[in-house]
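Listing of work_5.cif, mmCIF, C-alpha atoms and all ligand atoms
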data_model
#
loop_
_atom_site.group_PDB
_atom_site.id
_atom_site.type_symbol
_atom_site.label_atom_id
_atom_site.label_comp_id
_atom_site.auth_asym_id
_atom_site.auth_seq_id
_atom_site.Cartn_x
_atom_site.Cartn_y
_atom_site.Cartn_z
ATOM 1 C CA MET N 210 6.471 -21.532 29.873
ATOM 2 C CA SER N 211 5.874 -18.922 27.208
ATOM 3 C CA SER N 212 5.196 -15.305 28.149
ATOM 4 C CA PRO N 213 3.298 -12.709 26.104
ATOM 5 C CA GLN N 214 6.685 -11.173 25.287
ATOM 6 C CA MET N 215 7.982 -14.492 23.899
ATOM 7 C CA ASP N 216 4.727 -15.237 22.028
ATOM 8 C CA GLU N 217 5.156 -12.201 19.809
ATOM 9 C CA TRP N 218 8.204 -13.867 18.208
ATOM 10 C CA ASN N 219 6.394 -17.117 17.349
ATOM 11 C CA GLY N 220 6.533 -17.931 13.638
ATOM 12 C CA LYS N 221 8.536 -14.813 12.842
ATOM 13 C CA VAL N 222 11.407 -14.550 10.359
ATOM 14 C CA ALA N 223 14.485 -12.315 10.441
ATOM 15 C CA LEU N 224 17.175 -11.547 7.915
ATOM 16 C CA VAL N 225 20.577 -10.331 9.130
ATOM 17 C CA THR N 226 23.358 -9.187 6.807
ATOM 18 C CA GLY N 227 26.944 -9.146 8.014
ATOM 19 C CA ALA N 228 25.909 -12.068 10.216
ATOM 20 C CA ALA N 229 29.199 -13.985 9.946
ATOM 21 C CA SER N 230 30.812 -11.852 12.618
ATOM 22 C CA GLY N 231 30.446 -9.306 15.409
ATOM 23 C CA ILE N 232 27.187 -7.378 15.736
ATOM 24 C CA GLY N 233 25.414 -9.331 12.977
ATOM 25 C CA ARG N 234 26.294 -12.717 14.477
ATOM 26 C CA ALA N 235 25.199 -11.642 17.978
ATOM 27 C CA THR N 236 21.909 -10.306 16.606
ATOM 28 C CA ALA N 237 21.220 -13.425 14.529
ATOM 29 C CA SER N 238 21.746 -15.475 17.712
ATOM 30 C CA ALA N 239 19.510 -13.150 19.754
ATOM 31 C CA PHE N 240 16.674 -13.596 17.237
ATOM 32 C CA ALA N 241 17.204 -17.367 17.215
ATOM 33 C CA GLU N 242 17.098 -17.503 21.041
ATOM 34 C CA ARG N 243 13.619 -15.951 20.813
ATOM 35 C CA GLY N 244 12.480 -18.661 18.383
ATOM 36 C CA VAL N 245 12.725 -16.474 15.277
ATOM 37 C CA ALA N 246 13.949 -18.221 12.085
ATOM 38 C CA VAL N 247 17.012 -16.400 10.756
ATOM 39 C CA LEU N 248 18.562 -16.046 7.326
ATOM 40 C CA VAL N 249 22.256 -15.490 8.048
ATOM 41 C CA ALA N 250 23.705 -13.503 5.130
ATOM 42 C CA ASP N 251 27.324 -12.550 4.547
ATOM 43 C CA ILE N 252 30.152 -12.533 2.018
ATOM 44 C CA ASP N 253 32.210 -14.681 4.435
ATOM 45 C CA GLU N 254 31.068 -18.270 3.948
ATOM 46 C CA ALA N 255 33.060 -19.896 6.775
ATOM 47 C CA GLY N 256 31.921 -17.295 9.299
ATOM 48 C CA GLY N 257 28.317 -17.490 8.107
ATOM 49 C CA GLU N 258 28.238 -21.273 8.459
ATOM 50 C CA ALA N 259 29.742 -20.928 11.961
ATOM 51 C CA THR N 260 26.900 -18.569 12.930
ATOM 52 C CA VAL N 261 24.345 -21.086 11.647
ATOM 53 C CA ASN N 262 26.057 -23.865 13.618
ATOM 54 C CA SER N 263 25.825 -21.828 16.817
ATOM 55 C CA ILE N 264 22.125 -21.180 16.121
ATOM 56 C CA ASN N 265 21.555 -24.899 15.574
ATOM 57 C CA GLU N 266 23.357 -25.689 18.835
ATOM 58 C CA ILE N 267 20.796 -23.695 20.796
ATOM 59 C CA GLY N 268 17.942 -25.423 18.931
ATOM 60 C CA GLY N 269 17.218 -22.444 16.679
ATOM 61 C CA ARG N 270 16.413 -22.293 12.957
ATOM 62 C CA GLY N 271 18.959 -20.684 10.668
ATOM 63 C CA GLU N 272 20.278 -20.905 7.134
ATOM 64 C CA PHE N 273 23.307 -19.268 5.538
ATOM 65 C CA PHE N 274 23.109 -17.274 2.308
ATOM 66 C CA PRO N 275 26.386 -16.092 0.734
ATOM 67 C CA LEU N 276 26.261 -12.717 -1.004
ATOM 68 C CA ASP N 277 27.791 -9.360 -1.706
ATOM 69 C CA VAL N 278 25.263 -6.768 -0.506
ATOM 70 C CA ALA N 279 26.478 -4.352 -3.195
ATOM 71 C CA SER N 280 24.834 -6.517 -5.897
ATOM 72 C CA ASP N 281 21.158 -5.907 -6.668
ATOM 73 C CA ALA N 282 20.756 -9.400 -8.121
ATOM 74 C CA GLN N 283 22.356 -11.065 -5.097
ATOM 75 C CA VAL N 284 20.328 -9.064 -2.584
ATOM 76 C CA SER N 285 17.153 -9.890 -4.485
ATOM 77 C CA ALA N 286 18.091 -13.596 -4.439
ATOM 78 C CA MET N 287 18.806 -13.389 -0.684
ATOM 79 C CA VAL N 288 15.363 -12.018 0.136
ATOM 80 C CA GLU N 289 13.659 -14.506 -2.219
ATOM 81 C CA ARG N 290 15.518 -17.367 -0.528
ATOM 82 C CA CYS N 291 14.464 -16.138 2.909
ATOM 83 C CA VAL N 292 10.805 -16.020 1.914
ATOM 84 C CA GLU N 293 10.973 -19.381 0.128
ATOM 85 C CA ARG N 294 12.725 -21.085 3.058
ATOM 86 C CA PHE N 295 10.894 -19.533 6.016
ATOM 87 C CA GLY N 296 7.599 -18.326 4.523
ATOM 88 C CA GLY N 297 7.986 -14.542 4.773
ATOM 89 C CA LEU N 298 9.968 -11.735 6.313
ATOM 90 C CA ASP N 299 9.202 -9.774 9.489
ATOM 91 C CA TYR N 300 12.485 -8.243 10.671
ATOM 92 C CA ALA N 301 15.768 -7.212 9.067
ATOM 93 C CA LEU N 302 19.083 -5.948 10.341
ATOM 94 C CA ASN N 303 20.902 -4.389 7.380
ATOM 95 C CA ASN N 304 24.315 -4.442 8.926
ATOM 96 C CA ALA N 305 27.037 -5.616 6.501
ATOM 97 C CA GLY N 306 29.740 -3.008 6.381
ATOM 98 C CA ILE N 307 33.394 -2.248 5.814
ATOM 99 C CA GLU N 308 35.380 0.400 7.642
ATOM 100 C CA GLY N 309 38.032 1.369 5.090
ATOM 101 C CA ASP N 310 41.386 2.564 6.307
ATOM 102 C CA GLY N 311 40.884 5.261 8.938
ATOM 103 C CA SER N 312 44.526 6.291 8.772
ATOM 104 C CA VAL N 313 44.142 7.442 5.139
ATOM 105 C CA GLY N 314 43.274 11.128 4.913
ATOM 106 C CA LEU N 315 40.668 12.569 2.549
ATOM 107 C CA ALA N 316 43.220 13.692 -0.036
ATOM 108 C CA ASP N 317 44.901 10.289 -0.161
ATOM 109 C CA LEU N 318 41.762 8.190 -0.420
ATOM 110 C CA ALA N 319 41.673 6.259 -3.705
ATOM 111 C CA GLU N 320 38.542 6.602 -5.832
ATOM 112 C CA ASP N 321 37.988 2.850 -5.956
ATOM 113 C CA GLU N 322 38.133 2.628 -2.146
ATOM 114 C CA TRP N 323 35.535 5.431 -1.863
ATOM 115 C CA ASP N 324 33.336 3.581 -4.389
ATOM 116 C CA ARG N 325 33.615 0.219 -2.627
ATOM 117 C CA ILE N 326 32.829 1.614 0.838
ATOM 118 C CA MET N 327 29.799 3.461 -0.518
ATOM 119 C CA ALA N 328 28.683 0.399 -2.505
ATOM 120 C CA VAL N 329 28.753 -1.917 0.503
ATOM 121 C CA ASN N 330 27.724 0.425 3.318
ATOM 122 C CA LEU N 331 25.233 2.751 1.630
ATOM 123 C CA LYS N 332 24.010 1.162 -1.598
ATOM 124 C CA GLY N 333 23.914 -2.207 0.187
ATOM 125 C CA VAL N 334 21.488 -0.892 2.809
ATOM 126 C CA TRP N 335 19.311 0.683 0.102
ATOM 127 C CA LEU N 336 19.252 -2.568 -1.898
ATOM 128 C CA CYS N 337 18.317 -4.568 1.184
ATOM 129 C CA MET N 338 15.415 -2.250 2.012
ATOM 130 C CA LYS N 339 14.340 -2.211 -1.638
ATOM 131 C CA HIS N 340 13.877 -5.980 -1.657
ATOM 132 C CA GLU N 341 12.724 -6.444 1.951
ATOM 133 C CA ILE N 342 9.933 -3.862 1.996
ATOM 134 C CA PRO N 343 7.586 -5.497 -0.567
ATOM 135 C CA HIS N 344 7.603 -8.753 1.420
ATOM 136 C CA MET N 345 7.013 -6.989 4.742
ATOM 137 C CA SER N 346 4.221 -5.060 3.120
ATOM 138 C CA GLN N 347 2.593 -8.324 1.983
ATOM 139 C CA ARG N 348 2.831 -9.548 5.580
ATOM 140 C CA GLY N 349 1.008 -6.426 6.876
ATOM 141 C CA GLY N 350 4.089 -4.850 8.460
ATOM 142 C CA GLY N 351 7.589 -5.371 9.726
ATOM 143 C CA ALA N 352 10.608 -3.767 11.322
ATOM 144 C CA ILE N 353 13.914 -2.841 9.720
ATOM 145 C CA VAL N 354 17.052 -1.726 11.542
ATOM 146 C CA ASN N 355 19.978 -0.239 9.607
ATOM 147 C CA SER N 356 23.499 -0.188 11.063
ATOM 148 C CA SER N 357 24.847 3.339 11.070
ATOM 149 C CA SER N 358 27.403 4.454 13.676
ATOM 150 C CA VAL N 359 28.409 7.297 15.978
ATOM 151 C CA ALA N 360 30.479 8.096 12.869
ATOM 152 C CA GLY N 361 27.096 8.979 11.331
ATOM 153 C CA LEU N 362 26.373 11.469 14.112
ATOM 154 C CA ARG N 363 29.637 13.349 14.371
ATOM 155 C CA GLY N 364 33.018 13.619 12.716
ATOM 156 C CA SER N 365 36.012 11.623 13.862
ATOM 157 C CA ARG N 366 39.679 11.976 12.998
ATOM 158 C CA ALA N 367 39.930 8.168 13.220
ATOM 159 C CA SER N 368 37.292 7.485 10.516
ATOM 160 C CA ASN N 369 37.747 7.047 6.796
ATOM 161 C CA VAL N 370 35.770 9.921 5.199
ATOM 162 C CA ALA N 371 33.870 7.509 2.952
ATOM 163 C CA TYR N 372 32.872 5.449 6.012
ATOM 164 C CA SER N 373 31.648 8.598 7.731
ATOM 165 C CA ALA N 374 29.735 9.728 4.624
ATOM 166 C CA SER N 375 28.135 6.297 4.263
ATOM 167 C CA LYS N 376 27.009 6.233 7.908
ATOM 168 C CA TYR N 377 25.534 9.769 7.677
ATOM 169 C CA GLY N 378 23.834 8.655 4.456
ATOM 170 C CA ILE N 379 22.261 5.654 6.166
ATOM 171 C CA LEU N 380 20.561 7.995 8.654
ATOM 172 C CA GLY N 381 19.067 10.164 5.904
ATOM 173 C CA MET N 382 17.897 7.111 3.983
ATOM 174 C CA THR N 383 16.445 5.538 7.144
ATOM 175 C CA LYS N 384 14.401 8.628 8.005
ATOM 176 C CA THR N 385 13.028 9.059 4.483
ATOM 177 C CA ALA N 386 12.263 5.338 4.167
ATOM 178 C CA ALA N 387 10.515 5.403 7.570
ATOM 179 C CA LEU N 388 8.223 8.201 6.378
ATOM 180 C CA GLN N 389 7.532 6.462 3.073
ATOM 181 C CA GLN N 390 6.693 3.089 4.660
ATOM 182 C CA ALA N 391 4.871 4.196 7.837
ATOM 183 C CA SER N 392 1.423 3.777 6.269
ATOM 184 C CA GLN N 393 2.299 0.134 5.553
ATOM 185 C CA ASN N 394 3.134 -0.489 9.225
ATOM 186 C CA ILE N 395 6.816 -0.998 8.442
ATOM 187 C CA ARG N 396 8.981 0.670 11.066
ATOM 188 C CA ILE N 397 12.494 1.630 9.978
ATOM 189 C CA ASN N 398 15.138 2.743 12.456
ATOM 190 C CA ALA N 399 18.900 3.065 12.583
ATOM 191 C CA ILE N 400 21.355 2.176 15.308
ATOM 192 C CA CYS N 401 24.488 4.201 15.964
ATOM 193 C CA PRO N 402 26.917 1.939 17.810
ATOM 194 C CA GLY N 403 29.940 3.467 19.489
ATOM 195 C CA LEU N 404 33.079 1.455 20.099
ATOM 196 C CA ILE N 405 31.962 -2.176 20.053
ATOM 197 C CA ASP N 406 34.399 -5.013 20.585
ATOM 198 C CA THR N 407 34.382 -6.787 17.201
ATOM 199 C CA ALA N 408 36.868 -7.708 14.498
ATOM 200 C CA MET N 409 36.092 -4.424 12.724
ATOM 201 C CA SER N 410 36.841 -2.096 15.619
ATOM 202 C CA ARG N 411 40.020 -3.984 16.520
ATOM 203 C CA ARG N 412 41.200 -3.718 12.896
ATOM 204 C CA ALA N 413 40.271 -0.041 12.718
ATOM 205 C CA LEU N 414 41.940 0.953 15.976
ATOM 206 C CA GLN N 415 45.169 -0.790 15.049
ATOM 207 C CA LYS N 416 45.445 1.552 12.055
ATOM 208 C CA THR N 417 44.935 4.792 13.947
ATOM 209 C CA GLU N 418 47.285 6.566 16.314
ATOM 210 C CA ASN N 419 44.791 7.532 18.990
ATOM 211 C CA VAL N 420 43.679 4.095 20.275
ATOM 212 C CA SER N 421 43.889 4.960 23.964
ATOM 213 C CA GLN N 422 42.334 8.398 23.364
ATOM 214 C CA VAL N 423 39.301 6.811 21.673
ATOM 215 C CA ALA N 424 38.905 4.118 24.332
ATOM 216 C CA SER N 425 39.236 6.505 27.264
ATOM 217 C CA ALA N 426 36.595 8.814 25.773
ATOM 218 C CA ILE N 427 33.750 6.399 26.563
ATOM 219 C CA PRO N 428 31.716 7.840 29.470
ATOM 220 C CA LEU N 429 30.521 4.422 30.693
ATOM 221 C CA GLY N 430 34.159 3.380 30.859
ATOM 222 C CA ARG N 431 34.065 0.277 28.696
ATOM 223 C CA TRP N 432 33.871 -0.892 25.098
ATOM 224 C CA GLY N 433 30.451 -2.167 24.095
ATOM 225 C CA ALA N 434 29.835 -5.856 23.447
ATOM 226 C CA ALA N 435 28.116 -7.103 20.292
ATOM 227 C CA GLU N 436 25.384 -8.402 22.612
ATOM 228 C CA ASP N 437 24.690 -4.822 23.803
ATOM 229 C CA ILE N 438 23.775 -3.990 20.216
ATOM 230 C CA ALA N 439 21.843 -7.226 19.629
ATOM 231 C CA ARG N 440 19.583 -6.486 22.619
ATOM 232 C CA ALA N 441 18.806 -3.018 21.258
ATOM 233 C CA VAL N 442 18.060 -4.382 17.781
ATOM 234 C CA THR N 443 15.637 -7.058 19.011
ATOM 235 C CA TRP N 444 13.987 -4.433 21.232
ATOM 236 C CA LEU N 445 13.585 -2.059 18.261
ATOM 237 C CA CYS N 446 11.970 -4.911 16.319
ATOM 238 C CA SER N 447 9.667 -5.863 19.205
ATOM 239 C CA GLU N 448 6.195 -4.628 20.098
ATOM 240 C CA GLN N 449 7.823 -2.701 22.947
ATOM 241 C CA ALA N 450 9.109 -0.294 20.306
ATOM 242 C CA SER N 451 5.870 -0.214 18.282
ATOM 243 C CA TYR N 452 5.694 3.615 18.284
ATOM 244 C CA ILE N 453 9.313 4.141 17.204
ATOM 245 C CA THR N 454 10.156 4.772 13.573
ATOM 246 C CA GLY N 455 12.674 7.000 11.811
ATOM 247 C CA ALA N 456 14.906 7.087 14.891
ATOM 248 C CA ALA N 457 18.699 7.050 15.048
ATOM 249 C CA LEU N 458 19.529 5.353 18.339
ATOM 250 C CA PRO N 459 23.021 5.848 19.775
ATOM 251 C CA ILE N 460 24.241 2.717 21.601
ATOM 252 C CA ASP N 461 27.593 4.037 22.596
ATOM 253 C CA GLY N 462 28.134 4.211 26.339
ATOM 254 C CA GLY N 463 27.548 7.957 26.126
ATOM 255 C CA MET N 464 30.177 8.709 23.448
ATOM 256 C CA SER N 465 27.869 10.966 21.448
ATOM 257 C CA ALA N 466 26.214 12.667 24.430
HETATM 258 P P1 LIG N 501 32.550 -7.106 11.514
HETATM 259 O O1 LIG N 501 33.680 -6.797 10.589
HETATM 260 O O2 LIG N 501 32.787 -7.987 12.678
HETATM 261 O O3 LIG N 501 31.285 -7.646 10.694
HETATM 262 C C1 LIG N 501 30.926 -7.106 9.437
HETATM 263 C C2 LIG N 501 30.428 -8.245 8.583
HETATM 264 O O4 LIG N 501 30.010 -7.714 7.306
HETATM 265 C C3 LIG N 501 31.508 -9.293 8.299
HETATM 266 O O5 LIG N 501 31.032 -10.568 8.622
HETATM 267 C C4 LIG N 501 31.775 -9.154 6.816
HETATM 268 O O6 LIG N 501 32.142 -10.362 6.184
HETATM 269 C C5 LIG N 501 30.421 -8.648 6.323
HETATM 270 N N1 LIG N 501 30.542 -7.990 5.016
HETATM 271 C C6 LIG N 501 31.473 -7.079 4.631
HETATM 272 N N2 LIG N 501 31.281 -6.742 3.346
HETATM 273 C C7 LIG N 501 30.203 -7.436 2.912
HETATM 274 C C8 LIG N 501 29.521 -7.494 1.671
HETATM 275 N N3 LIG N 501 29.915 -6.773 0.622
HETATM 276 N N4 LIG N 501 28.442 -8.307 1.569
HETATM 277 C C9 LIG N 501 28.050 -9.059 2.625
HETATM 278 N N5 LIG N 501 28.657 -9.057 3.813
HETATM 279 C C10 LIG N 501 29.723 -8.240 3.966
HETATM 280 O O7 LIG N 501 32.029 -5.681 12.011
HETATM 281 P P2 LIG N 501 30.960 -5.248 13.134
HETATM 282 O O8 LIG N 501 31.707 -4.418 14.100
HETATM 283 O O9 LIG N 501 30.127 -6.376 13.580
HETATM 284 O O10 LIG N 501 30.109 -4.229 12.248
HETATM 285 C C11 LIG N 501 28.791 -4.467 11.834
HETATM 286 C C12 LIG N 501 28.175 -3.134 11.418
HETATM 287 O O11 LIG N 501 28.168 -2.250 12.548
HETATM 288 C C13 LIG N 501 28.937 -2.416 10.319
HETATM 289 O O12 LIG N 501 28.036 -1.808 9.420
HETATM 290 C C14 LIG N 501 29.721 -1.368 11.073
HETATM 291 O O13 LIG N 501 30.026 -0.251 10.271
HETATM 292 C C15 LIG N 501 28.773 -1.024 12.191
HETATM 293 N N6 LIG N 501 29.444 -0.443 13.357
HETATM 294 C C16 LIG N 501 30.382 -1.132 14.080
HETATM 295 C C17 LIG N 501 30.994 -0.513 15.172
HETATM 296 C C18 LIG N 501 32.037 -1.193 16.020
HETATM 297 O O14 LIG N 501 32.624 -0.527 16.897
HETATM 298 N N7 LIG N 501 32.318 -2.450 15.856
HETATM 299 C C19 LIG N 501 30.650 0.797 15.509
HETATM 300 C C20 LIG N 501 29.694 1.462 14.745
HETATM 301 C C21 LIG N 501 29.097 0.836 13.669
#

How does the structure come out when it is put into structure tokens?
Amino acid sequence: MSSPQMDEWNGKVALVTGAASGIGRATASAFAERGVAVLVADIDEAGGEATVNSINEIGGRGEFFPLDVASDAQVSAMVERCVERFGGLDYALNNAGIEGDGSVGLADLAEDEWDRIMAVNLKGVWLCMKHEIPHMSQRGGGAIVNSSSVAGLRGSRASNVAYSASKYGILGMTKTAALQQASQNIRINAICPGLIDTAMSRRALQKTENVSQVASAIPLGRWGAAEDIARAVTWLCSEQASYITGAALPIDGGMSA
């Protein structure tokens, strides 16, 4: 039996970048469980197809689109494909990201690594919003969530400086975009996950010396699961969060408190 809460998702369409793995995959699945059609976008083709297969297994609607979010032309093609395939766009999680090497200090960071991290993490989120917003506007509104991090709220010795700069940048861009799009009924928020158990965090922690220090600093006493983030993202996109825009929501077990 459908409930008013489930009805709000009927006929809706979501786009999730970085959906081949971790937080993006869990969020794509969470949308699909609610009956939302999902464009699964990622640079990793095998992982993206696996996400679509898991959506199909639960009777959901999903399609994979391979892209590099740092390319304007590819991001434009992704959004066009989503609209062509599913008829519009209501929700987006702009989430594709790379962590860089957290063990490399500021003075040793190569210029091309700085450029690539900024291109994927920061420019990629801008490009996604640039192409998503006109379609949401045509639809009379929408909700966008951008993946920042606790590394966008405070410094960390374990973070690559470019990663940190990109995640702070996402918060500034999110707030300005939220103000610019509010009159079009497009809500734009950012999430700031803490230590979430995904391929990225496991890679990152292996490269730093203070693994146990970071893990033991979580007040709730556990790593987060990708599903913890997915629930927050679908909530931010839902009517329950209809008065929230321009927010940076920590989902971090209390790490940033
Ligand atoms: P993940 O590595 O499991 O997933 C990231 C996905 O992004 C991968 O599937 C990867 O293929 C994709 N990707 C990378 N570069 C891309 C590109 N140029 N174009 C398209 N896709 C690309 O990592 P995750 O932990 O799920 O992270 C998702 C987001 O959450 C990232 O933006 C990350 O910075 C952020 N985040 C993660 C944590 C954590 O603890 N895991 C904490 C804070 C923020």

Find the residues near Ala466 in chain N: any atom within 10 Å, counting all atoms listed in the file, skip ones fewer than 5 places away on the same chain, and give them as a PyMOL selection string. chain N and resi 428+459+461

Within 7 Å of ligand LIG 501 (chain N) (all atoms listed in the file), residues as a PyMOL selection string: chain N and resi 226-233+250-253+256+276-279+304-308+329-330+356-360+401-410

Could you turn the residues from that selection into a file that holds C-alpha atoms, as a PDB file, in the frame of the given file?
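Output file out_36.pdb is given in full below:
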ATOM      1  CA  THR N 226      23.358  -9.187   6.807  1.00  0.00           C
ATOM      2  CA  GLY N 227      26.944  -9.146   8.014  1.00  0.00           C
ATOM      3  CA  ALA N 228      25.909 -12.068  10.216  1.00  0.00           C
ATOM      4  CA  ALA N 229      29.199 -13.985   9.946  1.00  0.00           C
ATOM      5  CA  SER N 230      30.812 -11.852  12.618  1.00  0.00           C
ATOM      6  CA  GLY N 231      30.446  -9.306  15.409  1.00  0.00           C
ATOM      7  CA  ILE N 232      27.187  -7.378  15.736  1.00  0.00           C
ATOM      8  CA  GLY N 233      25.414  -9.331  12.977  1.00  0.00           C
ATOM      9  CA  ALA N 250      23.705 -13.503   5.130  1.00  0.00           C
ATOM     10  CA  ASP N 251      27.324 -12.550   4.547  1.00  0.00           C
ATOM     11  CA  ILE N 252      30.152 -12.533   2.018  1.00  0.00           C
ATOM     12  CA  ASP N 253      32.210 -14.681   4.435  1.00  0.00           C
ATOM     13  CA  GLY N 256      31.921 -17.295   9.299  1.00  0.00           C
ATOM     14  CA  LEU N 276      26.261 -12.717  -1.004  1.00  0.00           C
ATOM     15  CA  ASP N 277      27.791  -9.360  -1.706  1.00  0.00           C
ATOM     16  CA  VAL N 278      25.263  -6.768  -0.506  1.00  0.00           C
ATOM     17  CA  ALA N 279      26.478  -4.352  -3.195  1.00  0.00           C
ATOM     18  CA  ASN N 304      24.315  -4.442   8.926  1.00  0.00           C
ATOM     19  CA  ALA N 305      27.037  -5.616   6.501  1.00  0.00           C
ATOM     20  CA  GLY N 306      29.740  -3.008   6.381  1.00  0.00           C
ATOM     21  CA  ILE N 307      33.394  -2.248   5.814  1.00  0.00           C
ATOM     22  CA  GLU N 308      35.380   0.400   7.642  1.00  0.00           C
ATOM     23  CA  VAL N 329      28.753  -1.917   0.503  1.00  0.00           C
ATOM     24  CA  ASN N 330      27.724   0.425   3.318  1.00  0.00           C
ATOM     25  CA  SER N 356      23.499  -0.188  11.063  1.00  0.00           C
ATOM     26  CA  SER N 357      24.847   3.339  11.070  1.00  0.00           C
ATOM     27  CA  SER N 358      27.403   4.454  13.676  1.00  0.00           C
ATOM     28  CA  VAL N 359      28.409   7.297  15.978  1.00  0.00           C
ATOM     29  CA  ALA N 360      30.479   8.096  12.869  1.00  0.00           C
ATOM     30  CA  CYS N 401      24.488   4.201  15.964  1.00  0.00           C
ATOM     31  CA  PRO N 402      26.917   1.939  17.810  1.00  0.00           C
ATOM     32  CA  GLY N 403      29.940   3.467  19.489  1.00  0.00           C
ATOM     33  CA  LEU N 404      33.079   1.455  20.099  1.00  0.00           C
ATOM     34  CA  ILE N 405      31.962  -2.176  20.053  1.00  0.00           C
ATOM     35  CA  ASP N 406      34.399  -5.013  20.585  1.00  0.00           C
ATOM     36  CA  THR N 407      34.382  -6.787  17.201  1.00  0.00           C
ATOM     37  CA  ALA N 408      36.868  -7.708  14.498  1.00  0.00           C
ATOM     38  CA  MET N 409      36.092  -4.424  12.724  1.00  0.00           C
ATOM     39  CA  SER N 410      36.841  -2.096  15.619  1.00  0.00           C
TER      40      SER N 410
END

What is the CA of Ala316 in chain N to CA of Asn355 in chain N distance in Å?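 Taking CA of Ala316 in chain N as the start and CA of Asn355 in chain N as the end point, the length is 28.8 Å.
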
Thr454 in chain N environment, 9 Å, all atoms listed in the file, sequence neighbours closer than 3 positions dropped, as a PyMOL selection string: chain N and resi 352+384+387-388+391+395-399+445+450-451+457

Could the residues in this selection be saved with C-alpha atoms as a tab-separated table (two decimals), in the frame of the given file?
chain	number	residue	atom	x	y	z
N	352	ALA	CA	10.61	-3.77	11.32
N	384	LYS	CA	14.40	8.63	8.01
N	387	ALA	CA	10.52	5.40	7.57
N	388	LEU	CA	8.22	8.20	6.38
N	391	ALA	CA	4.87	4.20	7.84
N	395	ILE	CA	6.82	-1.00	8.44
N	396	ARG	CA	8.98	0.67	11.07
N	397	ILE	CA	12.49	1.63	9.98
N	398	ASN	CA	15.14	2.74	12.46
N	399	ALA	CA	18.90	3.06	12.58
N	445	LEU	CA	13.58	-2.06	18.26
N	450	ALA	CA	9.11	-0.29	20.31
N	451	SER	CA	5.87	-0.21	18.28
N	457	ALA	CA	18.70	7.05	15.05

Among listed residues N:Ser425, N:Gly462, N:His344, N:Ala367, nearest Ile438 in chain N (using only C-alpha atoms):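 Smallest distance to Ile438 in chain N is found for N:Gly462.
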
Give me, please, the distance in Å between CA of Lys416 in chain N and CA of Ser368 in chain N, quoted to one decimal.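 Computed distance, CA of Lys416 in chain N to CA of Ser368 in chain N, equals 10.2 Å.
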
Selected by the PyMOL selection byres (((chain N and resi 246) around 7) and not hetatm) in the shown coordinates: which residues, as an MDAnalysis selection string? chainID N and resid 221:223 241 244:245 247:248 270:271 295
